[in-house]
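Participant: Pasting run14.cif here (mmCIF, C-alpha atoms):
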data_start
#
loop_
_atom_site.label_atom_id
_atom_site.label_comp_id
_atom_site.auth_asym_id
_atom_site.auth_seq_id
_atom_site.Cartn_x
_atom_site.Cartn_y
_atom_site.Cartn_z
CA MET X 1454 -9.94 -154.21 68.07
CA GLU X 1455 -12.85 -154.89 65.70
CA ALA X 1456 -13.76 -158.13 67.49
CA ASN X 1457 -13.59 -156.41 70.86
CA THR X 1458 -15.83 -153.60 69.59
CA ARG X 1459 -18.42 -156.05 68.33
CA SER X 1460 -18.46 -158.03 71.61
CA THR X 1461 -18.72 -155.04 73.94
CA GLY X 1462 -20.84 -152.83 71.71
CA ARG X 1463 -18.63 -149.89 72.62
CA LEU X 1464 -16.54 -147.61 70.42
CA PRO X 1465 -12.75 -147.60 70.86
CA ALA X 1466 -11.47 -144.97 73.26
CA ALA X 1467 -9.88 -143.00 70.42
CA PHE X 1468 -13.31 -142.39 68.95
CA LEU X 1469 -14.63 -141.04 72.25
CA THR X 1470 -11.69 -138.79 73.07
CA PRO X 1471 -10.38 -137.32 69.79
CA GLY X 1472 -7.14 -135.44 70.25
CA SER X 1473 -7.74 -132.89 67.48
CA SER X 1474 -10.41 -130.37 66.60
CA SER X 1475 -9.90 -131.34 62.96
CA PHE X 1476 -12.11 -134.19 61.77
CA MET X 1477 -9.78 -134.74 58.81
CA ASP X 1478 -6.78 -135.20 61.13
CA PHE X 1479 -8.77 -137.62 63.25
CA LEU X 1480 -9.84 -139.58 60.18
CA SER X 1481 -6.24 -139.61 58.93
CA ASP X 1482 -5.14 -141.25 62.20
CA GLN X 1483 -7.99 -143.74 62.57
CA SER X 1484 -9.17 -144.58 59.02
CA PRO X 1485 -6.90 -142.91 56.46
CA SER X 1486 -8.30 -145.00 53.61
CA MET X 1487 -11.65 -143.19 53.95
CA LEU X 1488 -10.16 -139.87 52.82
CA PRO X 1489 -10.72 -139.30 49.09
CA GLY X 1490 -7.11 -138.30 48.47
CA ASN X 1491 -5.75 -141.54 49.97
CA ARG X 1492 -7.57 -143.89 47.63
CA THR X 1493 -5.55 -145.84 45.09
CA LEU X 1494 -6.82 -145.58 41.55
CA PRO X 1495 -6.12 -148.13 38.81
CA PRO X 1496 -3.56 -147.18 36.15
CA LEU X 1497 -4.89 -144.53 33.82
CA LYS X 1498 -5.62 -145.90 30.34
CA GLY X 1499 -7.21 -142.87 28.72
CA ALA X 1500 -9.54 -140.03 29.56
CA ILE X 1501 -11.79 -140.65 32.56
CA GLU X 1502 -15.47 -140.09 31.79
CA ALA X 1503 -17.31 -138.95 34.91
CA PRO X 1504 -20.14 -136.48 35.45
CA HIS X 1505 -18.87 -132.92 35.91
CA GLY X 1506 -20.58 -129.97 37.51
CA THR X 1507 -20.15 -126.75 35.62
CA THR X 1508 -20.85 -123.12 36.48
CA ILE X 1509 -21.02 -121.55 39.95
CA VAL X 1510 -21.31 -117.79 40.56
CA ALA X 1511 -21.27 -115.57 43.64
CA ALA X 1512 -21.78 -111.87 44.32
CA SER X 1513 -21.71 -109.83 47.50
CA PHE X 1514 -23.99 -106.97 48.52
CA PRO X 1515 -24.18 -104.76 51.60
CA GLY X 1516 -25.38 -107.19 54.24
CA GLY X 1517 -24.47 -110.52 52.72
CA VAL X 1518 -23.56 -112.67 49.74
CA VAL X 1519 -25.39 -114.70 47.08
CA LEU X 1520 -24.11 -118.07 45.81
CA ALA X 1521 -25.80 -119.78 42.86
CA GLY X 1522 -25.28 -122.55 40.33
CA ASP X 1523 -26.85 -123.99 37.21
CA ARG X 1524 -28.34 -127.50 37.27
CA ARG X 1525 -26.50 -129.32 34.47
CA ALA X 1526 -23.88 -132.06 34.83
CA THR X 1527 -22.03 -133.20 31.73
CA MET X 1528 -20.01 -136.28 30.78
CA GLY X 1529 -17.91 -135.48 27.77
CA ASN X 1530 -20.27 -134.01 25.18
CA MET X 1531 -23.33 -135.63 26.79
CA ILE X 1532 -25.70 -134.25 29.42
CA ALA X 1533 -25.33 -136.60 32.39
CA GLN X 1534 -27.95 -134.94 34.60
CA ARG X 1535 -30.27 -131.98 34.13
CA ASP X 1536 -31.19 -131.22 37.74
CA ILE X 1537 -28.05 -131.77 39.81
CA GLU X 1538 -27.65 -129.62 42.93
CA LYS X 1539 -24.29 -127.87 43.12
CA VAL X 1540 -24.73 -125.45 46.03
CA PHE X 1541 -24.75 -126.73 49.61
CA PRO X 1542 -24.70 -125.14 53.07
CA ALA X 1543 -21.38 -125.69 54.83
CA ASP X 1544 -22.80 -124.48 58.14
CA GLU X 1545 -25.19 -121.79 59.33
CA TYR X 1546 -23.22 -118.89 57.84
CA SER X 1547 -21.43 -120.32 54.81
CA ALA X 1548 -21.99 -122.35 51.66
CA VAL X 1549 -20.04 -124.20 48.97
CA GLY X 1550 -20.71 -124.34 45.25
CA ILE X 1551 -19.08 -127.25 43.45
CA ALA X 1552 -17.50 -127.45 39.99
CA GLY X 1553 -15.50 -130.36 38.67
CA THR X 1554 -15.97 -134.11 39.14
CA ALA X 1555 -19.45 -134.29 40.64
CA GLY X 1556 -19.12 -137.44 42.77
CA LEU X 1557 -15.87 -136.37 44.42
CA ALA X 1558 -17.12 -132.80 44.85
CA VAL X 1559 -20.26 -133.87 46.72
CA GLU X 1560 -18.19 -136.21 48.90
CA MET X 1561 -15.77 -133.38 49.67
CA VAL X 1562 -18.63 -131.07 50.66
CA LYS X 1563 -20.02 -133.69 53.07
CA LEU X 1564 -16.58 -134.13 54.60
CA PHE X 1565 -16.23 -130.35 54.89
CA GLN X 1566 -19.60 -130.13 56.66
CA LEU X 1567 -18.44 -132.79 59.13
CA GLU X 1568 -15.15 -130.96 59.61
CA LEU X 1569 -16.91 -127.74 60.64
CA GLU X 1570 -19.44 -129.56 62.84
CA HIS X 1571 -16.65 -131.56 64.52
CA PHE X 1572 -14.65 -128.40 65.26
CA GLU X 1573 -17.66 -126.68 66.81
CA LYS X 1574 -18.44 -129.67 69.04
CA VAL X 1575 -14.85 -130.15 70.21
CA GLU X 1576 -13.92 -126.48 70.66
CA GLY X 1577 -17.35 -125.19 71.71
CA ALA X 1578 -17.03 -122.31 69.25
CA THR X 1579 -17.62 -121.69 65.57
CA LEU X 1580 -14.60 -121.51 63.29
CA SER X 1581 -14.04 -118.08 61.74
CA LEU X 1582 -14.91 -117.64 58.06
CA GLU X 1583 -11.20 -117.28 57.29
CA GLY X 1584 -10.55 -120.53 59.14
CA LYS X 1585 -13.29 -122.31 57.18
CA ALA X 1586 -11.77 -121.12 53.92
CA ASN X 1587 -8.36 -122.42 55.02
CA ARG X 1588 -9.79 -125.83 55.97
CA LEU X 1589 -11.42 -126.17 52.57
CA SER X 1590 -8.11 -125.25 50.93
CA THR X 1591 -6.41 -128.13 52.77
CA MET X 1592 -9.07 -130.57 51.63
CA ILE X 1593 -8.70 -129.54 47.98
CA ARG X 1594 -4.92 -129.89 48.23
CA SER X 1595 -5.32 -133.44 49.54
CA ASN X 1596 -7.18 -134.30 46.33
CA LEU X 1597 -4.29 -133.18 44.09
CA ALA X 1598 -3.30 -136.74 43.11
CA MET X 1599 -6.78 -137.39 41.74
CA ALA X 1600 -6.88 -133.96 40.11
CA MET X 1601 -3.75 -134.91 38.16
CA GLN X 1602 -5.70 -137.90 36.80
CA GLY X 1603 -8.55 -135.73 35.62
CA LEU X 1604 -10.74 -135.90 38.74
CA ALA X 1605 -10.45 -132.28 39.82
CA VAL X 1606 -12.70 -130.45 42.27
CA VAL X 1607 -12.72 -126.63 42.16
CA PRO X 1608 -15.36 -125.16 44.49
CA LEU X 1609 -16.44 -121.62 45.28
CA PHE X 1610 -16.85 -120.80 48.97
CA ALA X 1611 -18.93 -117.91 50.29
CA GLY X 1612 -20.22 -116.85 53.66
CA TYR X 1613 -21.16 -114.07 56.04
CA ASP X 1614 -18.24 -112.94 58.20
CA ILE X 1615 -19.73 -112.20 61.61
CA ASP X 1616 -16.59 -110.40 62.81
CA ARG X 1617 -16.35 -108.11 59.77
CA GLU X 1618 -20.14 -107.94 59.32
CA LYS X 1619 -20.07 -108.53 55.57
CA GLY X 1620 -20.28 -111.25 52.94
CA ARG X 1621 -17.02 -112.69 51.58
CA ILE X 1622 -16.16 -114.94 48.61
CA PHE X 1623 -13.20 -117.33 48.18
CA SER X 1624 -12.11 -119.12 45.00
CA TYR X 1625 -9.64 -122.00 44.66
CA ASP X 1626 -7.43 -123.77 42.14
CA VAL X 1627 -6.80 -127.54 41.95
CA THR X 1628 -3.71 -127.28 44.19
CA GLY X 1629 -5.73 -125.74 47.02
CA GLY X 1630 -4.53 -122.21 46.32
CA ARG X 1631 -7.02 -119.79 47.82
CA SER X 1632 -7.93 -116.27 46.68
CA GLU X 1633 -10.43 -113.90 48.18
CA GLU X 1634 -12.62 -112.36 45.50
CA HIS X 1635 -14.07 -108.89 45.88
CA GLY X 1636 -17.57 -108.18 44.63
CA TYR X 1637 -18.19 -111.23 42.46
CA ALA X 1638 -16.63 -114.50 41.29
CA ALA X 1639 -17.32 -117.52 39.09
CA THR X 1640 -15.86 -120.98 38.57
CA GLY X 1641 -16.49 -123.86 36.20
CA SER X 1642 -16.63 -124.19 32.43
CA GLY X 1643 -18.93 -121.20 31.95
CA SER X 1644 -17.09 -118.98 34.41
CA VAL X 1645 -15.46 -116.79 31.74
CA PHE X 1646 -18.85 -115.77 30.35
CA ALA X 1647 -20.51 -115.46 33.76
CA ARG X 1648 -17.68 -113.30 35.08
CA GLY X 1649 -17.83 -111.07 32.00
CA SER X 1650 -21.56 -110.63 32.53
CA MET X 1651 -21.16 -109.65 36.18
CA LYS X 1652 -18.19 -107.41 35.43
CA LYS X 1653 -20.41 -105.09 33.39
CA LEU X 1654 -23.48 -105.20 35.64
CA TYR X 1655 -22.12 -105.41 39.19
CA ARG X 1656 -22.20 -102.45 41.57
CA ASN X 1657 -21.23 -102.50 45.24
CA ASP X 1658 -24.52 -100.85 46.26
CA LEU X 1659 -26.85 -103.50 44.84
CA THR X 1660 -29.77 -104.62 46.98
CA GLU X 1661 -30.28 -108.28 47.83
CA GLU X 1662 -33.03 -108.56 45.22
CA GLN X 1663 -30.84 -106.96 42.53
CA THR X 1664 -27.96 -109.29 43.41
CA LEU X 1665 -30.23 -112.31 43.04
CA THR X 1666 -31.17 -111.10 39.57
CA LEU X 1667 -27.50 -110.42 38.75
CA VAL X 1668 -26.33 -113.98 39.44
CA VAL X 1669 -29.19 -115.53 37.46
CA GLN X 1670 -28.42 -113.16 34.57
CA ALA X 1671 -24.78 -114.30 34.75
CA LEU X 1672 -25.79 -117.97 34.66
CA TYR X 1673 -28.04 -117.27 31.68
CA ASP X 1674 -25.14 -115.61 29.84
CA ALA X 1675 -22.89 -118.56 30.70
CA ALA X 1676 -25.47 -121.00 29.31
CA ASP X 1677 -25.79 -118.86 26.20
CA ASP X 1678 -22.13 -119.41 25.26
CA ASP X 1679 -21.09 -122.57 27.13
CA SER X 1680 -22.76 -125.84 26.12
CA ALA X 1681 -21.91 -127.46 29.47
CA THR X 1682 -23.91 -124.87 31.43
CA GLY X 1683 -27.66 -125.34 31.64
CA GLY X 1684 -30.04 -122.42 31.38
CA PRO X 1685 -33.52 -122.22 32.95
CA ASP X 1686 -35.58 -125.18 31.72
CA VAL X 1687 -39.19 -123.94 31.73
CA ALA X 1688 -40.62 -127.13 30.22
CA ARG X 1689 -39.14 -129.33 32.98
CA ARG X 1690 -39.44 -126.60 35.66
CA ILE X 1691 -35.71 -126.75 36.40
CA TYR X 1692 -34.24 -123.46 37.59
CA PRO X 1693 -30.88 -122.40 39.09
CA ILE X 1694 -30.11 -123.14 42.72
CA VAL X 1695 -29.83 -119.74 44.41
CA THR X 1696 -28.81 -119.17 48.04
CA VAL X 1697 -28.41 -116.09 50.24
CA ILE X 1698 -26.22 -115.78 53.33
CA THR X 1699 -26.69 -112.83 55.69
CA ASP X 1700 -26.41 -112.14 59.41
CA GLU X 1701 -29.59 -114.22 59.74
CA GLY X 1702 -27.82 -117.26 58.28
CA PHE X 1703 -28.07 -119.43 55.18
CA ARG X 1704 -31.25 -119.42 53.09
CA LYS X 1705 -32.00 -121.30 49.90
CA LEU X 1706 -34.60 -119.83 47.58
CA ASP X 1707 -37.45 -122.24 46.97
CA ASP X 1708 -38.47 -123.30 43.47
CA THR X 1709 -41.18 -120.63 43.27
CA GLU X 1710 -38.74 -117.82 44.06
CA SER X 1711 -36.08 -119.09 41.63
CA ALA X 1712 -38.68 -119.59 38.92
CA GLU X 1713 -40.00 -116.05 39.37
CA ILE X 1714 -36.53 -114.53 38.85
CA ALA X 1715 -35.72 -116.81 35.92
CA ARG X 1716 -39.05 -116.20 34.17
CA ALA X 1717 -38.69 -112.43 34.54
CA ILE X 1718 -35.25 -112.63 32.91
CA LEU X 1719 -36.59 -114.85 30.12
CA GLU X 1720 -39.34 -112.32 29.38
CA ARG X 1721 -36.78 -109.51 29.08
CA ARG X 1722 -34.53 -111.67 26.90
CA LEU X 1723 -37.33 -111.96 24.36
CA GLU X 1724 -36.82 -108.22 23.79
CA GLN X 1725 -33.05 -108.13 24.42
CA PRO X 1726 -31.58 -111.59 23.64
CA ASP X 1727 -28.10 -110.54 24.73
CA GLY X 1728 -29.29 -109.20 28.07
CA PRO X 1729 -29.17 -105.80 29.77
CA ARG X 1730 -26.65 -103.17 28.67
CA ALA X 1731 -24.24 -101.39 30.96
CA ALA X 1732 -23.66 -97.65 30.55
CA LEU X 1733 -20.59 -96.70 28.49
CA LEU X 1734 -19.45 -94.18 31.09
#
Spell out the structure here as structure tokens.

Facilitator:
Amino acid sequence: MEANTRSTGRLPAAFLTPGSSSFMDFLSDQSPSMLPGNRTLPPLKGAIEAPHGTTIVAASFPGGVVLAGDRRATMGNMIAQRDIEKVFPADEYSAVGIAGTAGLAVEMVKLFQLELEHFEKVEGATLSLEGKANRLSTMIRSNLAMAMQGLAVVPLFAGYDIDREKGRIFSYDVTGGRSEEHGYAATGSGSVFARGSMKKLYRNDLTEEQTLTLVVQALYDAADDDSATGGPDVARRIYPIVTVITDEGFRKLDDTESAEIARAILERRLEQPDGPRAALL
């Protein structure tokens, strides 16, 4: 088949007439070795040292949802990268934030983007937000063998549900188990501290601007207590990746906008190092 393809310059018929709206199913039939979960790893001889992404947070507000992540990747007790990007658009109305093994996570996001694009081209319609969340769950489950060897990927998925006209957040475990989170969510090594921060500050009537400040505050608190989470780096001009998804689609804040929020929080932290206080009652 390969020789015939080279001589004619044409793709095999299977590539031109896929029988499934799922790109993963198509890839499983035609080139199963290209799927991350089907790769054979050498025998494990100790802990695997690979760059890991850390903290991702999300919070919803009337009209949409915010998804954000810090910029640090770690490898053991070392900083592997200071400016890694962990939040990516999945399509026009959804995004994925990655935590876990960085290389596999980025590869999974790219495959997920292709999966959604393939479905839209084949079916002529956009997959529902619930359907997107289910597809991502299947992809995570297919990586379970690698997760058992220490190469886990645990993303956070958020998007604007056009049918329900609101932002929604989905979290996952390494087996692909999916849970819808209400209001706010966090994943990664600093998630306990970020979630605690949002738990005391979140309200369901926050504006978009207030929600942007909330998630950056949560990332700051995570960095304050978790060494694997990176806080705003003013000297290197490295600030959190912050994205907003509304009925107008996905939007990533530019460096100037992220820096403005981060610097305002830093100024307040000089007066209140532990951050804003929630009312007792």

Participant: What's the 7 Å shell around stretch 1649-1664 of chain X, counting all atoms listed in the file, without same-chain residues fewer than 6 positions away, as a PyMOL selection string?

Facilitator: chain X and resi 1512+1514-1515+1636+1671+1674+1731

Participant: Please compute the atom CA of X:Leu1609-atom CA of X:Tyr1637 distance, one decimal, in Å.

Facilitator: 10.9 Å

Participant: Nearest to X:Pro1608 among X:Thr1628, X:Thr1709, X:Thr1579, X:Thr1640, with distances taken over all atoms listed in the file: which residue is it?

Facilitator: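 Closest to X:Pro1608, using all atoms listed in the file: X:Thr1640.
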
Participant: Spell out the residues picked by the PyMOL selection byres ((chain X and resi 1569) around 12) here, as a PyMOL selection string.

Facilitator: chain X and resi 1474-1477+1542-1548+1562-1568+1570-1582+1584-1589

Participant: I'd like the contact shell of X:Pro1685 - 10 Å cut-off, all atoms listed in the file, skipping same-chain residues fewer than 3 positions apart - returned as a list in words.

Facilitator: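 Near X:Pro1685, the qualifying residues are Asp1523, Arg1524, Val1669, Leu1672, Tyr1673, Ala1676, Ala1688, Arg1689, Arg1690, Ile1691, Tyr1692, Pro1693, Ser1711, Ala1712, Ala1715, Arg1716, Ile1718 and Leu1719 of chain X.
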
Participant: What is the distance, in Å and to one decimal place, between atom CA of X:Gly1550 and atom CA of X:Gly1728?

Facilitator: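 Computing the Euclidean distance for atom CA of X:Gly1550 and atom CA of X:Gly1728 yields 24.5 Å.
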
Participant: Which polymer residues, whether protein, DNA or RNA, lie within 7 Å of the coordinate (-17.5, -125.9, 30.7) when you count only C-alpha atoms? List them as a PyMOL selection string, using the chain letters and numbers from the file.

Facilitator: chain X and resi 1507+1641-1643+1679-1682

Participant: In terms of the shortest atom-to-atom distance over all atoms listed in the file, which of X:Val1668, X:Leu1733, X:Val1695, X:Met1601 is closest to X:Glu1538?

Facilitator: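 The answer is X:Val1695, which sits nearest to X:Glu1538.
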
Participant: Taking the file as shown, find all residues satisfying the PyMOL selection byres ((chain X and resi 1505) around 9) and write them as a list in words.

Facilitator: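 Those residues are Glu1502, Ala1503, Pro1504, Gly1506, Thr1507, Arg1525, Ala1526, Thr1527, Met1528, Gly1529, Ala1533, Ala1552, Gly1553, Thr1554, Ala1555, Gly1556 and Ala1681 of chain X.
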
Participant: What is the distance between atom CA of X:Thr1508 and atom CA of X:Glu1618, in Å to one decimal?

Facilitator: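 Answer for the atom CA of X:Thr1508 to atom CA of X:Glu1618 separation: 27.4 Å.
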
Participant: Might I get the box with edges along x, y and z of the file that holds all atoms of stretch 1523-1528 of chain X listed there, padded by 8 Å on every side, given as centre and edge lengths in Å to one decimal, as AutoDock Vina command-line options?

Facilitator:
--center_x -24.2 --center_y -130.1 --center_z 34.0 --size_x 24.3 --size_y 28.3 --size_z 22.5

Participant: With distances taken over all atoms listed in the file, which of X:Ile1615, X:Met1599, X:Ile1698, X:Val1687 is nearest to X:Phe1541?

Facilitator: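 Closest candidate: X:Ile1698.
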
Participant: Hey, could you patch up stretch 1648-1659 of chain X with all heavy atoms and hand it over as a PDB file, in the coordinates of the input?

Facilitator:
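Saved result, rebuild-v6.pdb, follows:
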ATOM      1  N   ARG X1648     -18.452-114.380  34.491  1.00  0.00           N
ATOM      2  CA  ARG X1648     -17.680-113.300  35.080  1.00  0.00           C
ATOM      3  C   ARG X1648     -17.749-112.043  34.220  1.00  0.00           C
ATOM      4  O   ARG X1648     -17.857-110.927  34.735  1.00  0.00           O
ATOM      5  CB  ARG X1648     -16.220-113.736  35.265  1.00  0.00           C
ATOM      6  CG  ARG X1648     -15.394-112.748  36.090  1.00  0.00           C
ATOM      7  CD  ARG X1648     -13.961-113.201  36.235  1.00  0.00           C
ATOM      8  NE  ARG X1648     -13.867-114.443  36.999  1.00  0.00           N
ATOM      9  CZ  ARG X1648     -13.490-115.607  36.476  1.00  0.00           C
ATOM     10  NH1 ARG X1648     -13.187-115.701  35.191  1.00  0.00           N
ATOM     11  NH2 ARG X1648     -13.416-116.680  37.232  1.00  0.00           N
ATOM     12  N   GLY X1649     -17.709-112.221  32.896  1.00  0.00           N
ATOM     13  CA  GLY X1649     -17.830-111.070  32.000  1.00  0.00           C
ATOM     14  C   GLY X1649     -19.175-110.384  32.148  1.00  0.00           C
ATOM     15  O   GLY X1649     -19.260-109.146  32.104  1.00  0.00           O
ATOM     16  N   SER X1650     -20.223-111.179  32.341  1.00  0.00           N
ATOM     17  CA  SER X1650     -21.560-110.630  32.530  1.00  0.00           C
ATOM     18  C   SER X1650     -21.630-109.799  33.810  1.00  0.00           C
ATOM     19  O   SER X1650     -22.124-108.666  33.816  1.00  0.00           O
ATOM     20  CB  SER X1650     -22.588-111.760  32.576  1.00  0.00           C
ATOM     21  OG  SER X1650     -23.878-111.269  32.867  1.00  0.00           O
ATOM     22  N   MET X1651     -21.104-110.353  34.898  1.00  0.00           N
ATOM     23  CA  MET X1651     -21.160-109.650  36.180  1.00  0.00           C
ATOM     24  C   MET X1651     -20.243-108.430  36.199  1.00  0.00           C
ATOM     25  O   MET X1651     -20.535-107.429  36.849  1.00  0.00           O
ATOM     26  CB  MET X1651     -20.796-110.604  37.317  1.00  0.00           C
ATOM     27  CG  MET X1651     -21.840-111.678  37.570  1.00  0.00           C
ATOM     28  SD  MET X1651     -21.541-112.660  39.061  1.00  0.00           S
ATOM     29  CE  MET X1651     -20.120-113.627  38.532  1.00  0.00           C
ATOM     30  N   LYS X1652     -19.139-108.526  35.473  1.00  0.00           N
ATOM     31  CA  LYS X1652     -18.190-107.410  35.430  1.00  0.00           C
ATOM     32  C   LYS X1652     -18.842-106.137  34.926  1.00  0.00           C
ATOM     33  O   LYS X1652     -18.534-105.024  35.385  1.00  0.00           O
ATOM     34  CB  LYS X1652     -17.006-107.781  34.532  1.00  0.00           C
ATOM     35  CG  LYS X1652     -15.905-106.735  34.452  1.00  0.00           C
ATOM     36  CD  LYS X1652     -14.757-107.234  33.608  1.00  0.00           C
ATOM     37  CE  LYS X1652     -13.613-106.226  33.569  1.00  0.00           C
ATOM     38  NZ  LYS X1652     -12.467-106.711  32.766  1.00  0.00           N
ATOM     39  N   LYS X1653     -19.757-106.258  33.970  1.00  0.00           N
ATOM     40  CA  LYS X1653     -20.410-105.090  33.390  1.00  0.00           C
ATOM     41  C   LYS X1653     -21.645-104.639  34.161  1.00  0.00           C
ATOM     42  O   LYS X1653     -22.085-103.503  34.022  1.00  0.00           O
ATOM     43  CB  LYS X1653     -20.798-105.391  31.934  1.00  0.00           C
ATOM     44  CG  LYS X1653     -19.609-105.680  31.031  1.00  0.00           C
ATOM     45  CD  LYS X1653     -18.610-104.537  31.031  1.00  0.00           C
ATOM     46  CE  LYS X1653     -17.431-104.836  30.124  1.00  0.00           C
ATOM     47  NZ  LYS X1653     -16.390-103.769  30.208  1.00  0.00           N
ATOM     48  N   LEU X1654     -22.221-105.517  34.966  1.00  0.00           N
ATOM     49  CA  LEU X1654     -23.480-105.200  35.640  1.00  0.00           C
ATOM     50  C   LEU X1654     -23.342-104.976  37.147  1.00  0.00           C
ATOM     51  O   LEU X1654     -24.226-104.388  37.772  1.00  0.00           O
ATOM     52  CB  LEU X1654     -24.502-106.314  35.392  1.00  0.00           C
ATOM     53  CG  LEU X1654     -24.909-106.573  33.941  1.00  0.00           C
ATOM     54  CD1 LEU X1654     -25.846-107.774  33.854  1.00  0.00           C
ATOM     55  CD2 LEU X1654     -25.562-105.341  33.329  1.00  0.00           C
ATOM     56  N   TYR X1655     -22.240-105.456  37.728  1.00  0.00           N
ATOM     57  CA  TYR X1655     -22.120-105.410  39.190  1.00  0.00           C
ATOM     58  C   TYR X1655     -21.856-103.989  39.698  1.00  0.00           C
ATOM     59  O   TYR X1655     -21.083-103.224  39.109  1.00  0.00           O
ATOM     60  CB  TYR X1655     -20.984-106.328  39.647  1.00  0.00           C
ATOM     61  CG  TYR X1655     -20.787-106.297  41.152  1.00  0.00           C
ATOM     62  CD1 TYR X1655     -21.619-107.026  41.997  1.00  0.00           C
ATOM     63  CD2 TYR X1655     -19.796-105.508  41.719  1.00  0.00           C
ATOM     64  CE1 TYR X1655     -21.457-106.981  43.374  1.00  0.00           C
ATOM     65  CE2 TYR X1655     -19.617-105.455  43.092  1.00  0.00           C
ATOM     66  CZ  TYR X1655     -20.457-106.194  43.916  1.00  0.00           C
ATOM     67  OH  TYR X1655     -20.293-106.145  45.273  1.00  0.00           O
ATOM     68  N   ARG X1656     -22.485-103.670  40.808  1.00  0.00           N
ATOM     69  CA  ARG X1656     -22.200-102.450  41.570  1.00  0.00           C
ATOM     70  C   ARG X1656     -22.146-102.842  43.043  1.00  0.00           C
ATOM     71  O   ARG X1656     -22.825-103.785  43.468  1.00  0.00           O
ATOM     72  CB  ARG X1656     -23.284-101.383  41.382  1.00  0.00           C
ATOM     73  CG  ARG X1656     -23.510-100.937  39.955  1.00  0.00           C
ATOM     74  CD  ARG X1656     -24.386 -99.667  39.925  1.00  0.00           C
ATOM     75  NE  ARG X1656     -25.524 -99.754  40.831  1.00  0.00           N
ATOM     76  CZ  ARG X1656     -26.724-100.242  40.494  1.00  0.00           C
ATOM     77  NH1 ARG X1656     -26.923-100.718  39.260  1.00  0.00           N
ATOM     78  NH2 ARG X1656     -27.706-100.281  41.376  1.00  0.00           N
ATOM     79  N   ASN X1657     -21.356-102.124  43.831  1.00  0.00           N
ATOM     80  CA  ASN X1657     -21.230-102.500  45.240  1.00  0.00           C
ATOM     81  C   ASN X1657     -22.368-101.996  46.110  1.00  0.00           C
ATOM     82  O   ASN X1657     -22.362-102.208  47.322  1.00  0.00           O
ATOM     83  CB  ASN X1657     -19.885-102.011  45.814  1.00  0.00           C
ATOM     84  CG  ASN X1657     -19.693-100.508  45.655  1.00  0.00           C
ATOM     85  OD1 ASN X1657     -20.654 -99.777  45.399  1.00  0.00           O
ATOM     86  ND2 ASN X1657     -18.459-100.058  45.801  1.00  0.00           N
ATOM     87  N   ASP X1658     -23.356-101.319  45.494  1.00  0.00           N
ATOM     88  CA  ASP X1658     -24.520-100.850  46.260  1.00  0.00           C
ATOM     89  C   ASP X1658     -25.799-101.565  45.859  1.00  0.00           C
ATOM     90  O   ASP X1658     -26.905-101.079  46.108  1.00  0.00           O
ATOM     91  CB  ASP X1658     -24.681 -99.335  46.099  1.00  0.00           C
ATOM     92  CG  ASP X1658     -24.954 -98.928  44.641  1.00  0.00           C
ATOM     93  OD1 ASP X1658     -24.771 -99.776  43.735  1.00  0.00           O
ATOM     94  OD2 ASP X1658     -25.346 -97.756  44.419  1.00  0.00           O
ATOM     95  N   LEU X1659     -25.675-102.740  45.232  1.00  0.00           N
ATOM     96  CA  LEU X1659     -26.850-103.500  44.840  1.00  0.00           C
ATOM     97  C   LEU X1659     -27.632-103.970  46.057  1.00  0.00           C
ATOM     98  O   LEU X1659     -27.048-104.287  47.103  1.00  0.00           O
ATOM     99  CB  LEU X1659     -26.447-104.716  44.010  1.00  0.00           C
ATOM    100  CG  LEU X1659     -25.822-104.466  42.631  1.00  0.00           C
ATOM    101  CD1 LEU X1659     -25.374-105.790  42.024  1.00  0.00           C
ATOM    102  CD2 LEU X1659     -26.788-103.747  41.710  1.00  0.00           C
TER     103      LEU X1659
END
